[in-house]
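Undergrad: Contents of structure_8.cif (mmCIF, C-alpha atoms) are below:
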data_coords
loop_
_atom_site.group_PDB
_atom_site.id
_atom_site.type_symbol
_atom_site.label_atom_id
_atom_site.label_comp_id
_atom_site.auth_asym_id
_atom_site.auth_seq_id
_atom_site.Cartn_x
_atom_site.Cartn_y
_atom_site.Cartn_z
ATOM 1 C CA MET S 1 -19.995 -6.316 2.831
ATOM 2 C CA PRO S 2 -22.831 -4.826 4.792
ATOM 3 C CA ASP S 3 -23.408 -2.220 2.059
ATOM 4 C CA ALA S 4 -21.988 -2.873 -1.412
ATOM 5 C CA SER S 5 -22.972 0.620 -2.540
ATOM 6 C CA LEU S 6 -20.214 2.064 -0.333
ATOM 7 C CA SER S 7 -16.717 2.618 -1.653
ATOM 8 C CA ILE S 8 -13.621 1.294 0.067
ATOM 9 C CA ARG S 9 -12.928 4.832 1.321
ATOM 10 C CA GLU S 10 -16.454 4.949 2.764
ATOM 11 C CA GLY S 11 -15.927 1.700 4.687
ATOM 12 C CA ALA S 12 -17.256 -1.020 2.386
ATOM 13 C CA ILE S 13 -14.900 -3.591 3.941
ATOM 14 C CA ALA S 14 -16.329 -3.935 7.433
ATOM 15 C CA ALA S 15 -13.717 -6.497 8.533
ATOM 16 C CA TRP S 16 -10.809 -4.126 8.025
ATOM 17 C CA PRO S 17 -9.061 -2.385 10.899
ATOM 18 C CA HIS S 18 -10.026 1.105 11.958
ATOM 19 C CA GLY S 19 -8.076 4.354 12.227
ATOM 20 C CA TRP S 20 -4.589 4.635 10.798
ATOM 21 C CA GLN S 21 -4.455 0.989 9.698
ATOM 22 C CA ALA S 22 -7.579 1.440 7.557
ATOM 23 C CA LYS S 23 -6.126 4.592 5.986
ATOM 24 C CA ASN S 24 -2.904 2.697 5.316
ATOM 25 C CA GLN S 25 -4.776 -0.136 3.565
ATOM 26 C CA ARG S 26 -6.666 2.402 1.422
ATOM 27 C CA SER S 27 -3.422 4.195 0.521
ATOM 28 C CA ILE S 28 -1.812 0.920 -0.497
ATOM 29 C CA LEU S 29 -4.774 -0.108 -2.668
ATOM 30 C CA GLU S 30 -4.756 3.330 -4.272
ATOM 31 C CA ALA S 31 -1.017 2.962 -4.994
ATOM 32 C CA LEU S 32 -1.822 -0.422 -6.567
ATOM 33 C CA ASP S 33 -4.246 1.411 -8.905
ATOM 34 C CA TYR S 34 -7.502 0.265 -7.336
ATOM 35 C CA ASP S 35 -10.320 2.821 -7.384
ATOM 36 C CA ILE S 36 -11.067 3.215 -3.684
ATOM 37 C CA ASP S 37 -13.805 5.766 -4.410
ATOM 38 C CA ALA S 38 -15.880 3.511 -6.672
ATOM 39 C CA PRO S 39 -18.829 1.694 -5.084
ATOM 40 C CA TRP S 40 -17.738 -1.813 -4.068
ATOM 41 C CA GLU S 41 -20.420 -3.369 -6.270
ATOM 42 C CA THR S 42 -18.914 -1.729 -9.384
ATOM 43 C CA LEU S 43 -15.465 -3.264 -8.913
ATOM 44 C CA SER S 44 -14.776 -6.366 -10.961
ATOM 45 C CA GLU S 45 -15.270 -9.745 -9.304
ATOM 46 C CA ARG S 46 -11.544 -10.387 -9.807
ATOM 47 C CA ASP S 47 -10.590 -7.157 -7.994
ATOM 48 C CA ARG S 48 -13.038 -7.769 -5.137
ATOM 49 C CA GLU S 49 -11.731 -11.323 -4.692
ATOM 50 C CA TRP S 50 -8.102 -10.143 -4.646
ATOM 51 C CA ILE S 51 -8.781 -7.321 -2.184
ATOM 52 C CA LEU S 52 -10.619 -9.631 0.198
ATOM 53 C CA MET S 53 -8.800 -12.941 -0.136
ATOM 54 C CA THR S 54 -5.271 -12.662 -1.562
ATOM 55 C CA ASP S 55 -2.295 -14.127 0.231
ATOM 56 C CA GLU S 56 -0.035 -11.750 -1.696
ATOM 57 C CA GLN S 57 1.432 -8.930 0.355
ATOM 58 C CA PRO S 58 2.824 -6.387 -2.098
ATOM 59 C CA SER S 59 4.803 -3.465 -0.714
ATOM 60 C CA VAL S 60 4.434 -0.077 -2.385
ATOM 61 C CA PRO S 61 5.784 3.440 -1.822
ATOM 62 C CA ILE S 62 3.229 5.702 -0.144
ATOM 63 C CA PHE S 63 3.206 9.413 -0.964
ATOM 64 C CA MET S 64 0.778 11.291 1.248
ATOM 65 C CA GLY S 65 -1.604 13.734 -0.425
ATOM 66 C CA LEU S 66 -0.613 13.050 -4.025
ATOM 67 C CA THR S 67 -2.962 12.184 -6.860
ATOM 68 C CA ALA S 68 -2.316 9.028 -8.880
ATOM 69 C CA GLU S 69 -0.653 11.086 -11.590
ATOM 70 C CA GLN S 70 1.532 12.963 -9.088
ATOM 71 C CA ARG S 71 2.438 9.661 -7.392
ATOM 72 C CA LYS S 72 3.619 8.196 -10.714
ATOM 73 C CA ALA S 73 5.686 11.321 -11.393
ATOM 74 C CA ALA S 74 7.228 11.128 -7.903
ATOM 75 C CA ILE S 75 8.182 7.486 -8.449
ATOM 76 C CA ALA S 76 9.692 8.322 -11.852
ATOM 77 C CA ALA S 77 11.638 11.215 -10.284
ATOM 78 C CA GLU S 78 12.828 8.868 -7.507
ATOM 79 C CA VAL S 79 11.310 11.044 -4.774
ATOM 80 C CA GLU S 80 11.549 9.497 -1.323
ATOM 81 C CA PRO S 81 8.098 8.229 -0.246
ATOM 82 C CA ALA S 82 6.620 8.967 3.177
ATOM 83 C CA TYR S 83 6.887 5.236 3.859
ATOM 84 C CA THR S 84 6.516 1.823 2.232
ATOM 85 C CA GLY S 85 3.186 0.127 2.897
ATOM 86 C CA THR S 86 2.521 -3.613 2.752
ATOM 87 C CA TYR S 87 -0.961 -4.804 1.819
ATOM 88 C CA THR S 88 -2.857 -7.340 3.910
ATOM 89 C CA SER S 89 -6.117 -8.759 2.563
ATOM 90 C CA ALA S 90 -9.266 -8.627 4.659
ATOM 91 C CA ARG S 91 -9.138 -12.411 5.145
ATOM 92 C CA LYS S 92 -5.512 -12.389 6.251
ATOM 93 C CA TYR S 93 -6.139 -9.445 8.598
ATOM 94 C CA VAL S 94 -9.134 -11.170 10.213
ATOM 95 C CA LEU S 95 -7.344 -14.508 10.658
ATOM 96 C CA GLN S 96 -4.160 -12.965 12.071
ATOM 97 C CA SER S 97 -5.964 -10.518 14.337
ATOM 98 C CA TYR S 98 -8.474 -13.046 15.593
ATOM 99 C CA ALA S 99 -5.788 -15.621 16.371
ATOM 100 C CA GLY S 100 -3.420 -13.276 18.177
ATOM 101 C CA GLY S 101 -5.467 -10.237 19.033
ATOM 102 C CA LYS S 102 -6.826 -8.671 22.164
ATOM 103 C CA GLU S 103 -10.252 -9.739 23.385
ATOM 104 C CA SER S 104 -11.770 -6.462 22.163
ATOM 105 C CA VAL S 105 -10.408 -7.137 18.649
ATOM 106 C CA LYS S 106 -11.649 -10.735 18.737
ATOM 107 C CA LYS S 107 -15.082 -9.532 19.784
ATOM 108 C CA ARG S 108 -15.260 -7.048 16.881
ATOM 109 C CA LEU S 109 -14.043 -9.655 14.377
ATOM 110 C CA SER S 110 -16.122 -12.567 15.691
ATOM 111 C CA ARG S 111 -18.947 -11.789 13.249
ATOM 112 C CA PHE S 112 -16.520 -12.503 10.373
ATOM 113 C CA VAL S 113 -15.230 -15.831 11.734
ATOM 114 C CA ALA S 114 -16.972 -19.196 11.826
ATOM 115 C CA VAL S 115 -15.335 -21.848 13.956
ATOM 116 C CA ALA S 116 -16.101 -25.341 12.678
ATOM 117 C CA PRO S 117 -14.416 -28.725 12.379
ATOM 118 C CA CYS S 118 -12.288 -29.118 9.267
ATOM 119 C CA ALA S 119 -14.236 -31.047 6.616
ATOM 120 C CA LEU S 120 -11.003 -32.723 5.439
ATOM 121 C CA CYS S 121 -10.040 -33.986 8.892
#
If you took the structure in this file and wrote it as C-alpha cells, what would it be?
TA:
Amino acid sequence: MPDASLSIREGAIAAWPHGWQAKNQRSILEALDYDIDAPWETLSERDREWILMTDEQPSVPIFMGLTAEQRKAAIAAEVEPAYTGTYTSARKYVLQSYAGGKESVKKRLSRFVAVAPCALC
C-alpha cells in the first residue's frame, strides 16, 4: 500500500493488475459489498486482510453501471448479469502472475515478491 489514503477505486492496491482486470476486481469487490470508494486505511483490518490475502475465490454476478441497490434488485428479479466475475486476492494474483507471467509482468511485480529459502526446509 504505497498510499493508504487512496481508495481501492483510486488504486490503493498497487500489486493488482491494470486495465480491465483491475476494473473487474473492483466490480467483484463491490458486488461482495466492499466499499471500494472508502480510503484503504478506513477499511477494517479483517476486510483489508481478506482483500489482500484470501485463498477464497468467490464468483458473483456482475451488472455493469448499476448501484448496489439496483444490483440487488436485478439479482432478485433474476436479470441476466453482464458476466460472472471470480475474485482473486492480491497475494494470489502476484504469486500466479509472477510464477507464470511474461517478463514485463514479473518486472512490475518484482517489488512485491521476496525470494528466500523456506525457513521450514
Undergrad: Run through the PyMOL selection byres ((chain S and resi 30-43) around 12) on the given coordinates and return the selected residues as a PyMOL selection string.
TA: chain S and resi 1-14+22-29+44-52+57-72+74-75+81+84-87
Undergrad: Could you check which of S:Ser104, S:Glu78, S:Ala15, S:Leu109 is closest to Ala90 of chain S, using all atoms listed in the file?
TA: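 Going through S:Ser104, S:Glu78, S:Ala15, S:Leu109 one by one, the smallest distance to Ala90 of chain S is for S:Ala15.
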Undergrad: Find the distance between atom CA of Tyr83 of chain S and atom CA of Thr54 of chain S and write it in Å to one decimal.
TA: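 Separation between atom CA of Tyr83 of chain S and atom CA of Thr54 of chain S: 22.3 Å.
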Undergrad: What does the distance from atom CA of Ala82 of chain S to atom CA of Gln21 of chain S come to in Å, to one decimal?
TA: 15.1 Å
Undergrad: Could you please determine the separation between atom CA of Gln96 of chain S and atom CA of Ala119 of chain S in Å, to one decimal place?
TA: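 Distance between the two atoms: 21.4 Å.
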Undergrad: How would segment 28-39 of chain S look with all heavy atoms restored, written as an mmCIF file, in the frame of the given file?
TA:
data_model
loop_
_atom_site.group_PDB
_atom_site.id
_atom_site.type_symbol
_atom_site.label_atom_id
_atom_site.label_comp_id
_atom_site.auth_asym_id
_atom_site.auth_seq_id
_atom_site.Cartn_x
_atom_site.Cartn_y
_atom_site.Cartn_z
ATOM 1 N N ILE S 28 -2.505 1.982 0.234
ATOM 2 C CA ILE S 28 -1.812 0.920 -0.497
ATOM 3 C C ILE S 28 -2.636 0.499 -1.711
ATOM 4 O O ILE S 28 -2.093 0.381 -2.818
ATOM 5 C CB ILE S 28 -1.519 -0.279 0.427
ATOM 6 C CG1 ILE S 28 -0.513 0.127 1.508
ATOM 7 C CG2 ILE S 28 -1.017 -1.476 -0.373
ATOM 8 C CD1 ILE S 28 -0.407 -0.855 2.655
ATOM 9 N N LEU S 29 -3.933 0.277 -1.532
ATOM 10 C CA LEU S 29 -4.774 -0.108 -2.668
ATOM 11 C C LEU S 29 -4.769 0.971 -3.742
ATOM 12 O O LEU S 29 -4.714 0.665 -4.934
ATOM 13 C CB LEU S 29 -6.207 -0.385 -2.217
ATOM 14 C CG LEU S 29 -6.438 -1.718 -1.528
ATOM 15 C CD1 LEU S 29 -7.876 -1.830 -1.068
ATOM 16 C CD2 LEU S 29 -6.076 -2.878 -2.444
ATOM 17 N N GLU S 30 -4.797 2.215 -3.322
ATOM 18 C CA GLU S 30 -4.756 3.330 -4.272
ATOM 19 C C GLU S 30 -3.433 3.310 -5.046
ATOM 20 O O GLU S 30 -3.413 3.489 -6.264
ATOM 21 C CB GLU S 30 -4.928 4.645 -3.516
ATOM 22 C CG GLU S 30 -5.414 5.769 -4.353
ATOM 23 C CD GLU S 30 -5.830 6.963 -3.505
ATOM 24 O OE1 GLU S 30 -5.339 7.145 -2.373
ATOM 25 O OE2 GLU S 30 -6.667 7.725 -4.009
ATOM 26 N N ALA S 31 -2.328 3.045 -4.343
ATOM 27 C CA ALA S 31 -1.017 2.962 -4.994
ATOM 28 C C ALA S 31 -0.942 1.770 -5.945
ATOM 29 O O ALA S 31 -0.172 1.782 -6.905
ATOM 30 C CB ALA S 31 0.092 2.880 -3.946
ATOM 31 N N LEU S 32 -1.761 0.748 -5.691
ATOM 32 C CA LEU S 32 -1.822 -0.422 -6.567
ATOM 33 C C LEU S 32 -2.832 -0.214 -7.704
ATOM 34 O O LEU S 32 -3.162 -1.154 -8.410
ATOM 35 C CB LEU S 32 -2.193 -1.671 -5.751
ATOM 36 C CG LEU S 32 -1.131 -2.162 -4.770
ATOM 37 C CD1 LEU S 32 -1.704 -3.218 -3.827
ATOM 38 C CD2 LEU S 32 0.083 -2.707 -5.521
ATOM 39 N N ASP S 33 -3.317 1.007 -7.840
ATOM 40 C CA ASP S 33 -4.246 1.411 -8.905
ATOM 41 C C ASP S 33 -5.656 0.852 -8.774
ATOM 42 O O ASP S 33 -6.351 0.663 -9.771
ATOM 43 C CB ASP S 33 -3.676 1.093 -10.298
ATOM 44 C CG ASP S 33 -2.492 1.985 -10.632
ATOM 45 O OD1 ASP S 33 -2.493 3.156 -10.197
ATOM 46 O OD2 ASP S 33 -1.569 1.511 -11.322
ATOM 47 N N TYR S 34 -6.101 0.609 -7.564
ATOM 48 C CA TYR S 34 -7.502 0.265 -7.336
ATOM 49 C C TYR S 34 -8.261 1.565 -7.089
ATOM 50 O O TYR S 34 -7.744 2.492 -6.453
ATOM 51 C CB TYR S 34 -7.658 -0.668 -6.129
ATOM 52 C CG TYR S 34 -7.194 -2.068 -6.417
ATOM 53 C CD1 TYR S 34 -5.907 -2.467 -6.107
ATOM 54 C CD2 TYR S 34 -8.049 -2.981 -7.028
ATOM 55 C CE1 TYR S 34 -5.469 -3.751 -6.377
ATOM 56 C CE2 TYR S 34 -7.620 -4.271 -7.312
ATOM 57 C CZ TYR S 34 -6.329 -4.642 -6.983
ATOM 58 O OH TYR S 34 -5.897 -5.906 -7.262
ATOM 59 N N ASP S 35 -9.484 1.640 -7.576
ATOM 60 C CA ASP S 35 -10.320 2.821 -7.384
ATOM 61 C C ASP S 35 -11.039 2.693 -6.049
ATOM 62 O O ASP S 35 -12.064 2.022 -5.945
ATOM 63 C CB ASP S 35 -11.326 2.958 -8.528
ATOM 64 C CG ASP S 35 -12.134 4.241 -8.446
ATOM 65 O OD1 ASP S 35 -12.027 4.974 -7.426
ATOM 66 O OD2 ASP S 35 -12.886 4.511 -9.398
ATOM 67 N N ILE S 36 -10.496 3.337 -5.025
ATOM 68 C CA ILE S 36 -11.067 3.215 -3.684
ATOM 69 C C ILE S 36 -12.283 4.114 -3.482
ATOM 70 O O ILE S 36 -12.912 4.050 -2.432
ATOM 71 C CB ILE S 36 -10.011 3.473 -2.589
ATOM 72 C CG1 ILE S 36 -9.507 4.915 -2.620
ATOM 73 C CG2 ILE S 36 -8.865 2.477 -2.697
ATOM 74 C CD1 ILE S 36 -8.660 5.286 -1.414
ATOM 75 N N ASP S 37 -12.621 4.906 -4.493
ATOM 76 C CA ASP S 37 -13.805 5.766 -4.410
ATOM 77 C C ASP S 37 -14.993 5.223 -5.202
ATOM 78 O O ASP S 37 -16.083 5.780 -5.142
ATOM 79 C CB ASP S 37 -13.461 7.184 -4.873
ATOM 80 C CG ASP S 37 -12.500 7.854 -3.905
ATOM 81 O OD1 ASP S 37 -12.782 7.831 -2.685
ATOM 82 O OD2 ASP S 37 -11.468 8.375 -4.352
ATOM 83 N N ALA S 38 -14.786 4.136 -5.925
ATOM 84 C CA ALA S 38 -15.880 3.511 -6.672
ATOM 85 C C ALA S 38 -16.715 2.662 -5.713
ATOM 86 O O ALA S 38 -16.165 2.040 -4.794
ATOM 87 C CB ALA S 38 -15.321 2.630 -7.781
ATOM 88 N N PRO S 39 -18.024 2.604 -5.911
ATOM 89 C CA PRO S 39 -18.829 1.694 -5.084
ATOM 90 C C PRO S 39 -18.303 0.264 -5.209
ATOM 91 O O PRO S 39 -17.918 -0.171 -6.302
ATOM 92 C CB PRO S 39 -20.238 1.807 -5.682
ATOM 93 C CG PRO S 39 -20.245 3.157 -6.348
ATOM 94 C CD PRO S 39 -18.835 3.359 -6.854
#
